[in-house]
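Heads up, upload.cif below (mmCIF, C-alpha atoms):
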```cif
data_input
#
loop_
_atom_site.group_PDB
_atom_site.id
_atom_site.type_symbol
_atom_site.label_atom_id
_atom_site.label_comp_id
_atom_site.auth_asym_id
_atom_site.auth_seq_id
_atom_site.Cartn_x
_atom_site.Cartn_y
_atom_site.Cartn_z
ATOM 1 C CA MET L 22 12.164 -3.460 -15.703
ATOM 2 C CA ARG L 23 9.400 -3.820 -13.144
ATOM 3 C CA GLN L 24 7.686 -0.531 -13.855
ATOM 4 C CA ALA L 25 4.140 0.541 -14.616
ATOM 5 C CA GLU L 26 2.075 3.608 -15.339
ATOM 6 C CA ILE L 27 -1.681 3.528 -14.853
ATOM 7 C CA SER L 28 -4.239 6.303 -15.354
ATOM 8 C CA ARG L 29 -7.754 5.960 -13.986
ATOM 9 C CA ASN L 30 -10.414 8.530 -14.780
ATOM 10 C CA THR L 31 -13.940 8.558 -13.394
ATOM 11 C CA LEU L 32 -16.561 11.235 -12.794
ATOM 12 C CA GLU L 33 -15.168 11.519 -9.241
ATOM 13 C CA THR L 34 -11.398 11.301 -9.692
ATOM 14 C CA ARG L 35 -8.588 11.520 -12.228
ATOM 15 C CA ILE L 36 -5.504 9.650 -11.072
ATOM 16 C CA THR L 37 -2.144 8.724 -12.592
ATOM 17 C CA VAL L 38 0.306 6.417 -10.819
ATOM 18 C CA ARG L 39 3.843 5.619 -11.942
ATOM 19 C CA LEU L 40 5.947 3.157 -10.022
ATOM 20 C CA ASN L 41 9.246 1.334 -10.223
ATOM 21 C CA LEU L 42 9.479 -1.703 -7.959
ATOM 22 C CA ASP L 43 13.285 -1.663 -8.199
ATOM 23 C CA GLY L 44 13.705 1.960 -7.218
ATOM 24 C CA THR L 45 15.415 3.768 -4.371
ATOM 25 C CA GLY L 46 12.398 5.143 -2.504
ATOM 26 C CA GLN L 47 11.987 8.372 -4.450
ATOM 27 C CA CYS L 48 8.504 9.800 -4.628
ATOM 28 C CA ARG L 49 6.545 12.695 -6.067
ATOM 29 C CA LEU L 50 3.092 12.968 -4.575
ATOM 30 C CA ALA L 51 0.241 15.352 -5.354
ATOM 31 C CA THR L 52 -2.902 13.663 -4.071
ATOM 32 C CA GLY L 53 -4.603 16.715 -2.598
ATOM 33 C CA VAL L 54 -4.726 14.828 0.718
ATOM 34 C CA PRO L 55 -1.622 15.852 2.707
ATOM 35 C CA PHE L 56 -1.816 13.063 5.293
ATOM 36 C CA LEU L 57 -2.074 10.449 2.527
ATOM 37 C CA ASP L 58 0.984 11.986 0.857
ATOM 38 C CA HIS L 59 2.855 11.546 4.145
ATOM 39 C CA MET L 60 1.799 7.888 4.382
ATOM 40 C CA LEU L 61 2.618 7.080 0.740
ATOM 41 C CA ASP L 62 6.048 8.613 1.256
ATOM 42 C CA GLN L 63 6.569 6.015 4.017
ATOM 43 C CA VAL L 64 5.611 3.180 1.639
ATOM 44 C CA ALA L 65 8.007 4.403 -1.052
ATOM 45 C CA ARG L 66 10.948 4.970 1.286
ATOM 46 C CA HIS L 67 10.587 1.776 3.283
ATOM 47 C CA GLY L 68 9.647 -0.329 0.261
ATOM 48 C CA LEU L 69 12.396 1.151 -1.932
ATOM 49 C CA ILE L 70 9.752 1.781 -4.568
ATOM 50 C CA ASP L 71 9.869 4.878 -6.740
ATOM 51 C CA LEU L 72 6.325 6.233 -6.678
ATOM 52 C CA GLU L 73 4.561 9.116 -8.392
ATOM 53 C CA VAL L 74 0.902 9.857 -7.744
ATOM 54 C CA GLU L 75 -1.071 12.696 -9.313
ATOM 55 C CA ALA L 76 -4.694 12.956 -8.281
ATOM 56 C CA ASP L 77 -7.518 15.376 -8.921
ATOM 57 C CA GLY L 78 -10.556 14.309 -6.951
ATOM 58 C CA ASP L 79 -13.851 15.623 -5.652
ATOM 59 C CA LEU L 80 -12.333 16.834 -2.391
ATOM 60 C CA HIS L 81 -15.138 19.384 -2.084
ATOM 61 C CA VAL L 82 -17.311 16.369 -1.124
ATOM 62 C CA ASP L 83 -14.708 14.676 1.082
ATOM 63 C CA ALA L 84 -11.536 12.616 0.642
ATOM 64 C CA HIS L 85 -13.225 9.219 0.376
ATOM 65 C CA HIS L 86 -13.318 8.814 -3.414
ATOM 66 C CA THR L 87 -9.806 10.188 -3.852
ATOM 67 C CA VAL L 88 -8.202 7.961 -1.215
ATOM 68 C CA GLU L 89 -10.035 4.809 -2.325
ATOM 69 C CA ASP L 90 -9.321 5.420 -6.011
ATOM 70 C CA ILE L 91 -5.627 6.062 -5.325
ATOM 71 C CA GLY L 92 -5.549 2.661 -3.586
ATOM 72 C CA ILE L 93 -7.217 1.077 -6.603
ATOM 73 C CA THR L 94 -4.802 2.708 -9.064
ATOM 74 C CA ILE L 95 -1.703 1.818 -7.044
ATOM 75 C CA GLY L 96 -3.029 -1.746 -6.870
ATOM 76 C CA GLN L 97 -3.440 -1.859 -10.656
ATOM 77 C CA ALA L 98 0.085 -0.512 -11.139
ATOM 78 C CA LEU L 99 1.525 -3.067 -8.700
ATOM 79 C CA SER L 100 -0.227 -5.902 -10.501
ATOM 80 C CA LYS L 101 1.082 -4.747 -13.870
ATOM 81 C CA ALA L 102 4.653 -4.123 -12.655
ATOM 82 C CA VAL L 103 5.040 -7.428 -10.810
ATOM 83 C CA GLY L 104 4.192 -9.453 -13.921
ATOM 84 C CA ASP L 105 4.003 -13.254 -13.701
ATOM 85 C CA LYS L 106 5.760 -13.362 -10.291
ATOM 86 C CA LYS L 107 8.401 -15.848 -11.423
ATOM 87 C CA GLY L 108 11.267 -16.076 -8.971
ATOM 88 C CA LEU L 109 9.700 -13.828 -6.330
ATOM 89 C CA ARG L 110 9.658 -14.556 -2.622
ATOM 90 C CA ARG L 111 5.866 -14.017 -2.763
ATOM 91 C CA TYR L 112 5.482 -13.652 1.014
ATOM 92 C CA GLY L 113 6.656 -10.751 3.140
ATOM 93 C CA HIS L 114 6.121 -9.548 6.661
ATOM 94 C CA ALA L 115 7.311 -6.711 8.868
ATOM 95 C CA TYR L 116 6.881 -5.410 12.390
ATOM 96 C CA VAL L 117 7.402 -1.664 12.748
ATOM 97 C CA PRO L 118 7.357 0.360 15.985
ATOM 98 C CA LEU L 119 7.030 4.101 16.412
ATOM 99 C CA ASP L 120 7.299 5.145 20.033
ATOM 100 C CA GLU L 121 4.350 3.448 21.786
ATOM 101 C CA ALA L 122 2.779 2.067 18.582
ATOM 102 C CA LEU L 123 3.581 -1.279 16.969
ATOM 103 C CA SER L 124 2.095 -2.776 13.806
ATOM 104 C CA ARG L 125 2.527 -6.048 11.936
ATOM 105 C CA VAL L 126 1.856 -6.443 8.207
ATOM 106 C CA VAL L 127 1.923 -9.768 6.345
ATOM 107 C CA ILE L 128 1.610 -9.998 2.544
ATOM 108 C CA ASP L 129 1.035 -12.851 0.121
ATOM 109 C CA LEU L 130 1.208 -12.005 -3.585
ATOM 110 C CA SER L 131 -1.313 -14.787 -3.998
ATOM 111 C CA GLY L 132 -3.325 -13.649 -6.990
ATOM 112 C CA ARG L 133 -6.363 -13.595 -4.677
ATOM 113 C CA PRO L 134 -7.621 -10.405 -3.039
ATOM 114 C CA GLY L 135 -8.107 -10.567 0.714
ATOM 115 C CA LEU L 136 -7.783 -7.985 3.464
ATOM 116 C CA VAL L 137 -7.812 -8.568 7.209
ATOM 117 C CA PHE L 138 -7.638 -5.213 8.984
ATOM 118 C CA GLY L 139 -7.149 -5.520 12.732
ATOM 119 C CA VAL L 140 -6.870 -1.865 13.686
ATOM 120 C CA GLU L 141 -8.749 0.128 16.298
ATOM 121 C CA PHE L 142 -7.659 3.724 16.029
ATOM 122 C CA THR L 143 -7.636 5.757 19.216
ATOM 123 C CA ARG L 144 -9.474 8.641 17.540
ATOM 124 C CA ALA L 145 -11.603 9.185 14.442
ATOM 125 C CA THR L 146 -9.472 11.779 12.689
ATOM 126 C CA ILE L 147 -5.807 12.660 12.305
ATOM 127 C CA GLY L 148 -5.964 16.374 11.658
ATOM 128 C CA ALA L 149 -8.651 16.579 8.968
ATOM 129 C CA PHE L 150 -8.043 12.987 7.780
ATOM 130 C CA ASP L 151 -10.759 10.403 8.526
ATOM 131 C CA VAL L 152 -9.012 7.233 9.758
ATOM 132 C CA ASP L 153 -11.729 5.056 8.161
ATOM 133 C CA LEU L 154 -10.135 5.928 4.819
ATOM 134 C CA ILE L 155 -7.005 3.931 5.665
ATOM 135 C CA ARG L 156 -8.986 0.699 5.426
ATOM 136 C CA GLU L 157 -10.656 1.942 2.228
ATOM 137 C CA PHE L 158 -7.239 2.684 0.702
ATOM 138 C CA PHE L 159 -5.921 -0.804 1.461
ATOM 139 C CA GLN L 160 -9.160 -2.496 0.347
ATOM 140 C CA GLY L 161 -8.907 -0.821 -3.048
ATOM 141 C CA LEU L 162 -5.224 -1.682 -3.323
ATOM 142 C CA VAL L 163 -5.710 -5.338 -2.347
ATOM 143 C CA ASN L 164 -8.635 -5.843 -4.723
ATOM 144 C CA HIS L 165 -6.623 -4.659 -7.721
ATOM 145 C CA ALA L 166 -3.116 -5.852 -6.799
ATOM 146 C CA LEU L 167 -4.624 -9.308 -6.169
ATOM 147 C CA MET L 168 -2.798 -9.830 -2.887
ATOM 148 C CA THR L 169 -3.689 -11.141 0.526
ATOM 149 C CA LEU L 170 -2.887 -8.561 3.190
ATOM 150 C CA HIS L 171 -3.097 -8.845 6.973
ATOM 151 C CA ILE L 172 -2.672 -5.602 8.912
ATOM 152 C CA ASP L 173 -2.630 -5.654 12.702
ATOM 153 C CA ASN L 174 -1.937 -2.715 14.963
ATOM 154 C CA LEU L 175 -0.723 -4.508 18.068
ATOM 155 C CA ARG L 176 -0.626 -1.431 20.289
ATOM 156 C CA GLY L 177 -0.699 2.327 20.145
ATOM 157 C CA ALA L 178 -2.095 5.355 21.931
ATOM 158 C CA ASN L 179 -1.489 7.977 19.233
ATOM 159 C CA ALA L 180 -3.512 7.557 16.025
ATOM 160 C CA HIS L 181 -0.833 9.211 13.874
ATOM 161 C CA HIS L 182 1.732 6.735 15.207
ATOM 162 C CA GLN L 183 -0.665 3.843 14.600
ATOM 163 C CA ALA L 184 -1.183 4.880 10.972
ATOM 164 C CA GLU L 185 2.483 5.530 10.326
ATOM 165 C CA THR L 186 3.548 2.122 11.638
ATOM 166 C CA ILE L 187 0.965 0.493 9.346
ATOM 167 C CA PHE L 188 2.210 2.212 6.197
ATOM 168 C CA LYS L 189 5.889 1.730 7.070
ATOM 169 C CA ALA L 190 5.310 -1.964 7.799
ATOM 170 C CA PHE L 191 3.370 -2.326 4.540
ATOM 171 C CA GLY L 192 6.293 -0.856 2.588
ATOM 172 C CA ARG L 193 8.813 -3.126 4.305
ATOM 173 C CA ALA L 194 6.684 -6.268 3.906
ATOM 174 C CA LEU L 195 6.047 -5.470 0.241
ATOM 175 C CA ARG L 196 9.771 -5.002 -0.326
ATOM 176 C CA VAL L 197 10.427 -8.525 0.998
ATOM 177 C CA ALA L 198 7.587 -10.124 -0.993
ATOM 178 C CA LEU L 199 8.854 -8.496 -4.208
ATOM 179 C CA GLU L 200 12.476 -9.588 -3.749
ATOM 180 C CA ALA L 201 13.980 -12.162 -6.068
ATOM 181 C CA ASP L 202 14.496 -15.594 -4.499
ATOM 182 C CA GLU L 203 17.708 -16.838 -6.103
ATOM 183 C CA ARG L 204 16.953 -20.456 -5.168
ATOM 184 C CA ALA L 205 13.622 -20.264 -6.982
ATOM 185 C CA ALA L 206 14.842 -18.346 -10.034
ATOM 186 C CA GLY L 207 12.466 -18.638 -12.966
ATOM 187 C CA SER L 208 9.816 -20.630 -11.128
ATOM 188 C CA ILE L 209 6.374 -19.596 -9.944
ATOM 189 C CA PRO L 210 6.256 -19.748 -6.123
ATOM 190 C CA SER L 211 3.170 -21.977 -6.009
ATOM 191 C CA THR L 212 2.400 -25.694 -6.206
ATOM 192 C CA LYS L 213 -0.346 -24.743 -8.692
ATOM 193 C CA GLY L 214 2.216 -23.413 -11.167
ATOM 194 C CA SER L 215 0.514 -20.042 -11.414
ATOM 195 C CA LEU L 216 -0.499 -17.135 -9.214
#
```

Output the structure of this file as structure tokens.
Amino acid sequence: MRQAEISRNTLETRITVRLNLDGTGQCRLATGVPFLDHMLDQVARHGLIDLEVEADGDLHVDAHHTVEDIGITIGQALSKAVGDKKGLRRYGHAYVPLDEALSRVVIDLSGRPGLVFGVEFTRATIGAFDVDLIREFFQGLVNHALMTLHIDNLRGANAHHQAETIFKAFGRALRVALEADERAAGSIPSTKGSL
């Protein structure tokens, strides 16, 4: 079973993440950041990952620590749940539109953290949510999931649509990268023999 539970407690946040990579897209989210809950719901549903996130952060300061640390904890849970990566496709990509917005996400479960974030949001906030935190979320996730992740928003006039296409495309690309490759069953998808 490709499942994991990770708890991360600091002076700024207390976070627990449970995930099942072979789920049906069910989620239970209590991050204290409503817009992030909405985006994580997209990842779970489009990635067919069962995801639970409970977070208690220093939101009286702002949402930065909470959002970044949730990314870190989800990354740790992904790394634990995916295991040695034998028989996985390893690579995944997705293009997702939403009205005028279109984003492309490409993933490599490489064992090496790397983020390329080609997004210029059309405004600085979505409701009370600072759009800079989207990059911080993915940076934390990438660093601890040990994946290479390219995110490009190709077009968009509405910042909410831009963000939603990013998270939906991430879920769909992750779903592909995590799928079993029947032709490569039992082997590590790398000429190095390890990832």

Could you list the residues chosen by the PyMOL selection byres ((chain L and resi 156) around 10) in this structure as a PDB file with C-alpha atoms, in the frame of the given file?
```pdb
ATOM      1  CA  VAL L  88      -8.202   7.961  -1.215  1.00  0.00           C
ATOM      2  CA  GLU L  89     -10.035   4.809  -2.325  1.00  0.00           C
ATOM      3  CA  GLY L  92      -5.549   2.661  -3.586  1.00  0.00           C
ATOM      4  CA  LEU L 136      -7.783  -7.985   3.464  1.00  0.00           C
ATOM      5  CA  VAL L 137      -7.812  -8.568   7.209  1.00  0.00           C
ATOM      6  CA  PHE L 138      -7.638  -5.213   8.984  1.00  0.00           C
ATOM      7  CA  GLY L 139      -7.149  -5.520  12.732  1.00  0.00           C
ATOM      8  CA  VAL L 140      -6.870  -1.865  13.686  1.00  0.00           C
ATOM      9  CA  VAL L 152      -9.012   7.233   9.758  1.00  0.00           C
ATOM     10  CA  ASP L 153     -11.729   5.056   8.161  1.00  0.00           C
ATOM     11  CA  LEU L 154     -10.135   5.928   4.819  1.00  0.00           C
ATOM     12  CA  ILE L 155      -7.005   3.931   5.665  1.00  0.00           C
ATOM     13  CA  GLU L 157     -10.656   1.942   2.228  1.00  0.00           C
ATOM     14  CA  PHE L 158      -7.239   2.684   0.702  1.00  0.00           C
ATOM     15  CA  PHE L 159      -5.921  -0.804   1.461  1.00  0.00           C
ATOM     16  CA  GLN L 160      -9.160  -2.496   0.347  1.00  0.00           C
ATOM     17  CA  GLY L 161      -8.907  -0.821  -3.048  1.00  0.00           C
ATOM     18  CA  LEU L 162      -5.224  -1.682  -3.323  1.00  0.00           C
ATOM     19  CA  ILE L 172      -2.672  -5.602   8.912  1.00  0.00           C
TER      20      ILE L 172
END
```

I need the residue set behind the PyMOL selection byres ((chain L and resi 24-26) around 10) for this file; please write it as a VMD selection string. chain L and resid 22 to 23 27 to 28 37 to 44 70 to 74 94 to 95 97 to 104

Report as a PyMOL selection string all protein, DNA and RNA residues lying within 8 Å of Met60 (chain L), evaluated on all atoms listed in the file, omitting residues in the same chain fewer than 3 positions from it. chain L and resi 56-57+63-64+184-185+188-189

Residues as selected, C-alpha atoms, written as a CSV table (one decimal), in the frame of the given file, can you do that?
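Generated output (out-v1.csv):
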```csv
chain,number,residue,atom,x,y,z
L,56,PHE,CA,-1.8,13.1,5.3
L,57,LEU,CA,-2.1,10.4,2.5
L,63,GLN,CA,6.6,6.0,4.0
L,64,VAL,CA,5.6,3.2,1.6
L,184,ALA,CA,-1.2,4.9,11.0
L,185,GLU,CA,2.5,5.5,10.3
L,188,PHE,CA,2.2,2.2,6.2
L,189,LYS,CA,5.9,1.7,7.1
```

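Pairwise distance (CA of Leu80 (chain L), CA of Gly53 (chain L)) equals 7.7 Å.
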
Got a sec: who's within 10 Å of Phe142 (chain L), counting all atoms listed in the file, leaving out chain neighbours fewer than 6 positions off, as a list in words? Val152, Asp153, Asn174, Arg176, Gly177, Ala178, Asn179, Ala180, His181, His182, Gln183 and Ala184 of chain L

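The smallest atom-to-atom distance between Asp120 (chain L) and any of L:Val54, L:Thr169, L:Gly68, L:Thr186, using only C-alpha atoms, is found for L:Thr186.
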
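Residues in contact range of Lys106 (chain L), defined as at most 12 Å between all atoms listed in the file, with sequence neighbours fewer than 5 positions away removed, read Arg23, Leu99, Ser100, Lys101, Arg111, Tyr112, Asp129, Leu130, Ser131, Gly132, Leu167, Met168, Ala198, Leu199, Glu200, Ala201, Asp202, Ala205, Ala206, Gly207, Ser208, Ile209, Pro210, Ser211, Gly214, Ser215 and Leu216 of chain L.
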
So which residues get picked by the PyMOL selection byres ((chain L and resi 195) around 8) here, written as an mmCIF file with C-alpha atoms, in the coordinates of the input?
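Result file follows (expr-v2.cif):
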```
data_model
loop_
_atom_site.group_PDB
_atom_site.id
_atom_site.type_symbol
_atom_site.label_atom_id
_atom_site.label_comp_id
_atom_site.auth_asym_id
_atom_site.auth_seq_id
_atom_site.Cartn_x
_atom_site.Cartn_y
_atom_site.Cartn_z
ATOM 1 C CA GLY L 68 9.647 -0.329 0.261
ATOM 2 C CA GLY L 113 6.656 -10.751 3.140
ATOM 3 C CA HIS L 114 6.121 -9.548 6.661
ATOM 4 C CA ILE L 128 1.610 -9.998 2.544
ATOM 5 C CA PHE L 191 3.370 -2.326 4.540
ATOM 6 C CA GLY L 192 6.293 -0.856 2.588
ATOM 7 C CA ARG L 193 8.813 -3.126 4.305
ATOM 8 C CA ALA L 194 6.684 -6.268 3.906
ATOM 9 C CA ARG L 196 9.771 -5.002 -0.326
ATOM 10 C CA VAL L 197 10.427 -8.525 0.998
ATOM 11 C CA ALA L 198 7.587 -10.124 -0.993
ATOM 12 C CA LEU L 199 8.854 -8.496 -4.208
#
```

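Going from CA of Ile147 (chain L) to CA of His59 (chain L) covers 12.0 Å.
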
What separation in Å, quoted to one decimal, exists between CA of Leu123 (chain L) and CA of Glu141 (chain L)? 12.4 Å

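If all atoms listed in the file are the atoms counted, then among L:Asp79, L:His67, L:Gly108, L:Ile187 the closest residue to Ala122 (chain L) is L:Ile187.
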
Using only the atoms of region 184-199 of chain L listed in the file, plus 5 Å on each side, state the axis-aligned box centre and edge lengths in Å rounded to one decimal, as lines of an AutoDock Vina configuration file.
```
center_x = 4.6
center_y = -2.3
center_z = 3.7
size_x = 21.6
size_y = 25.7
size_z = 25.8
```

Shell around Arg35 (chain L) at 9 Å using all atoms listed in the file, local window under 3 positions removed, as a PDB file with C-alpha atoms, keeping the file's coordinate frame:
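File written: selection.pdb
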```pdb
ATOM      1  CA  SER L  28      -4.239   6.303 -15.354  1.00  0.00           C
ATOM      2  CA  ARG L  29      -7.754   5.960 -13.986  1.00  0.00           C
ATOM      3  CA  ASN L  30     -10.414   8.530 -14.780  1.00  0.00           C
ATOM      4  CA  THR L  31     -13.940   8.558 -13.394  1.00  0.00           C
ATOM      5  CA  LEU L  32     -16.561  11.235 -12.794  1.00  0.00           C
ATOM      6  CA  GLU L  75      -1.071  12.696  -9.313  1.00  0.00           C
ATOM      7  CA  ALA L  76      -4.694  12.956  -8.281  1.00  0.00           C
ATOM      8  CA  ASP L  77      -7.518  15.376  -8.921  1.00  0.00           C
ATOM      9  CA  GLY L  78     -10.556  14.309  -6.951  1.00  0.00           C
ATOM     10  CA  THR L  87      -9.806  10.188  -3.852  1.00  0.00           C
ATOM     11  CA  ASP L  90      -9.321   5.420  -6.011  1.00  0.00           C
TER      12      ASP L  90
END
```

Tell me, as a PyMOL selection string, which residues lie within 7 Å of Arg125 (chain L), counting all atoms listed in the file; anything in the same chain fewer than 3 positions away does not count. chain L and resi 115-117+172-174+190

Output of region 153-169 of chain L limited to N, CA, C and O atoms, as a short mmCIF file (atom, residue, chain, number, x, y, z; two decimals), in the first residue's frame:
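As a result, selection_10.cif now contains:
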```
data_model
loop_
_atom_site.label_atom_id
_atom_site.label_comp_id
_atom_site.auth_asym_id
_atom_site.auth_seq_id
_atom_site.Cartn_x
_atom_site.Cartn_y
_atom_site.Cartn_z
N ASP L 153 2.22 34.84 -3.97
CA ASP L 153 3.62 34.43 -3.79
C ASP L 153 3.72 33.10 -3.04
O ASP L 153 4.71 32.36 -3.19
N LEU L 154 2.72 32.79 -2.24
CA LEU L 154 2.77 31.57 -1.43
C LEU L 154 2.60 30.31 -2.27
O LEU L 154 2.96 29.22 -1.82
N ILE L 155 2.09 30.44 -3.48
CA ILE L 155 1.96 29.26 -4.35
C ILE L 155 3.34 28.73 -4.69
O ILE L 155 3.59 27.52 -4.61
N ARG L 156 4.26 29.61 -5.04
CA ARG L 156 5.63 29.17 -5.31
C ARG L 156 6.27 28.59 -4.05
O ARG L 156 6.96 27.57 -4.11
N GLU L 157 6.03 29.22 -2.90
CA GLU L 157 6.60 28.73 -1.65
C GLU L 157 6.08 27.32 -1.32
O GLU L 157 6.83 26.47 -0.86
N PHE L 158 4.80 27.09 -1.58
CA PHE L 158 4.22 25.76 -1.35
C PHE L 158 4.94 24.73 -2.21
O PHE L 158 5.38 23.69 -1.71
N PHE L 159 5.06 25.00 -3.51
CA PHE L 159 5.68 24.02 -4.40
C PHE L 159 7.18 23.87 -4.13
O PHE L 159 7.71 22.77 -4.27
N GLN L 160 7.85 24.94 -3.71
CA GLN L 160 9.28 24.81 -3.38
C GLN L 160 9.47 23.88 -2.20
O GLN L 160 10.34 23.00 -2.22
N GLY L 161 8.65 24.03 -1.17
CA GLY L 161 8.73 23.13 -0.03
C GLY L 161 8.43 21.69 -0.41
O GLY L 161 9.12 20.76 0.01
N LEU L 162 7.40 21.50 -1.24
CA LEU L 162 7.02 20.17 -1.67
C LEU L 162 8.14 19.51 -2.47
O LEU L 162 8.53 18.37 -2.20
N VAL L 163 8.68 20.23 -3.44
CA VAL L 163 9.74 19.70 -4.31
C VAL L 163 10.98 19.33 -3.51
O VAL L 163 11.57 18.27 -3.72
N ASN L 164 11.37 20.18 -2.58
CA ASN L 164 12.58 19.93 -1.80
C ASN L 164 12.49 18.65 -0.99
O ASN L 164 13.50 17.97 -0.77
N HIS L 165 11.28 18.29 -0.55
CA HIS L 165 11.14 17.14 0.34
C HIS L 165 10.59 15.91 -0.36
O HIS L 165 10.79 14.79 0.12
N ALA L 166 9.92 16.09 -1.49
CA ALA L 166 9.50 14.93 -2.30
C ALA L 166 10.63 14.47 -3.21
O ALA L 166 10.57 13.39 -3.78
N LEU L 167 11.67 15.29 -3.34
CA LEU L 167 12.81 15.00 -4.21
C LEU L 167 12.35 14.75 -5.64
O LEU L 167 12.61 13.71 -6.22
N MET L 168 11.67 15.76 -6.19
CA MET L 168 11.20 15.68 -7.57
C MET L 168 11.64 16.93 -8.32
O MET L 168 11.90 17.97 -7.72
N THR L 169 11.72 16.79 -9.62
CA THR L 169 11.90 17.94 -10.50
C THR L 169 10.52 18.33 -11.00
O THR L 169 9.75 17.48 -11.44
#
```
